[in-house]
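Here's the structure we're looking at; comments come further down.
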Amino acid sequence: MVNDELLVIARGSALEIQTAAGAVCGTIISDVVSVIDCINQGFSYVAVVKSISAGKCTVDIRHQ
C-alpha cells in the first residue's frame, strides 16, 4: 500500500525489495551501484511506496 516501508536488500548487482516477513516484492536494477556499495558497508535502507498503478510500483529509497 502507499506509504508502506519495505526492506532494501543487496542481491548481486540488483536491489531486492522485501516485506518485513521476507516476501520479495520486486527488484531495482538501474542506478543502484552506490546504494549497493553503502549496504555492503553496513548502511540500511528502506523503500517507501509512493504509488501503485497498473502493476507498476514507484518507491523512494531512504537511509534508515
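Ligands are numbered from 1 in the order shown, residues from 1 within each chain, and chains are lettered A, B, ... in the order they appear in the C-alpha cells.
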Find the residues around stretch 30-34 of chain A up to 10 Å (only C-alpha atoms counted), leave out those fewer than 2 positions away in its own chain, and share them as a PyMOL selection string.
chain A and resi 10+13-15+27-28+36-40
Skip A:Ile17 itself and residues of its chain fewer than 2 positions away, then list as a list of chain:residue names all residues within 8 Å of it, counting only C-alpha atoms.
A:Leu6, A:Leu7, A:Val8, A:Ile9, A:Leu15, A:Thr19, A:Val24, A:Cys25, A:Gly26, A:Thr27, A:Ile28, A:Ala47
With DSSP run on the backbone, what are the helix (DSSP H, G or I) residues within chain A? I'd like them as a list of chain:residue names.
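In chain A, DSSP puts these residues in helix (DSSP H, G or I): A:Val33, A:Ser34, A:Val35, A:Ile36, A:Asp37, A:Cys38, A:Ile39, A:Asn40.
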Export of prior selection with C-alpha atoms as a PDB file, in the first residue's frame:
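That gives us out12.pdb:
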```pdb
ATOM      1  CA  VAL A  33      25.728   0.762  -7.599  1.00  0.00           C
ATOM      2  CA  SER A  34      26.210   3.452  -4.940  1.00  0.00           C
ATOM      3  CA  VAL A  35      23.344   2.132  -2.797  1.00  0.00           C
ATOM      4  CA  ILE A  36      24.698  -1.444  -3.035  1.00  0.00           C
ATOM      5  CA  ASP A  37      28.157  -0.198  -2.009  1.00  0.00           C
ATOM      6  CA  CYS A  38      26.648   1.548   1.040  1.00  0.00           C
ATOM      7  CA  ILE A  39      24.633  -1.560   2.020  1.00  0.00           C
ATOM      8  CA  ASN A  40      27.791  -3.666   1.742  1.00  0.00           C
TER       9      ASN A  40
END
```
So which residues touch A:Val2 within 12 Å, counting only C-alpha atoms, skipping near sequence neighbours fewer than 6 positions away, as a PyMOL selection string?
chain A and resi 47-53+57-60
Would you put the residues from that selection into a file with C-alpha atoms, as a tab-separated table (two decimals), in the first residue's frame?
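Printed below is result-v8.tsv as written:
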```
chain	number	residue	atom	x	y	z
A	47	ALA	CA	11.85	1.67	0.22
A	48	VAL	CA	8.73	3.78	0.82
A	49	VAL	CA	5.89	3.05	-1.61
A	50	LYS	CA	4.86	6.29	-3.36
A	51	SER	CA	2.37	4.96	-5.93
A	52	ILE	CA	0.94	1.77	-7.39
A	53	SER	CA	-0.63	1.76	-10.85
A	57	CYS	CA	5.11	0.38	-8.07
A	58	THR	CA	7.12	3.56	-7.52
A	59	VAL	CA	9.29	3.77	-4.40
A	60	ASP	CA	11.62	6.26	-2.74
```
Strand (DSSP E or B) positions in chain A, given as a count of residues only:
34
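A straight line drawn from atom CA of A:His63 to atom CA of A:Tyr45 is 4.4 Å long.
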From the set A:Gly55, A:Val46, A:Asn3, A:Gln41, which residue has the shortest atom-to-atom contact distance to A:Gln18, counting only C-alpha atoms?
A:Val46
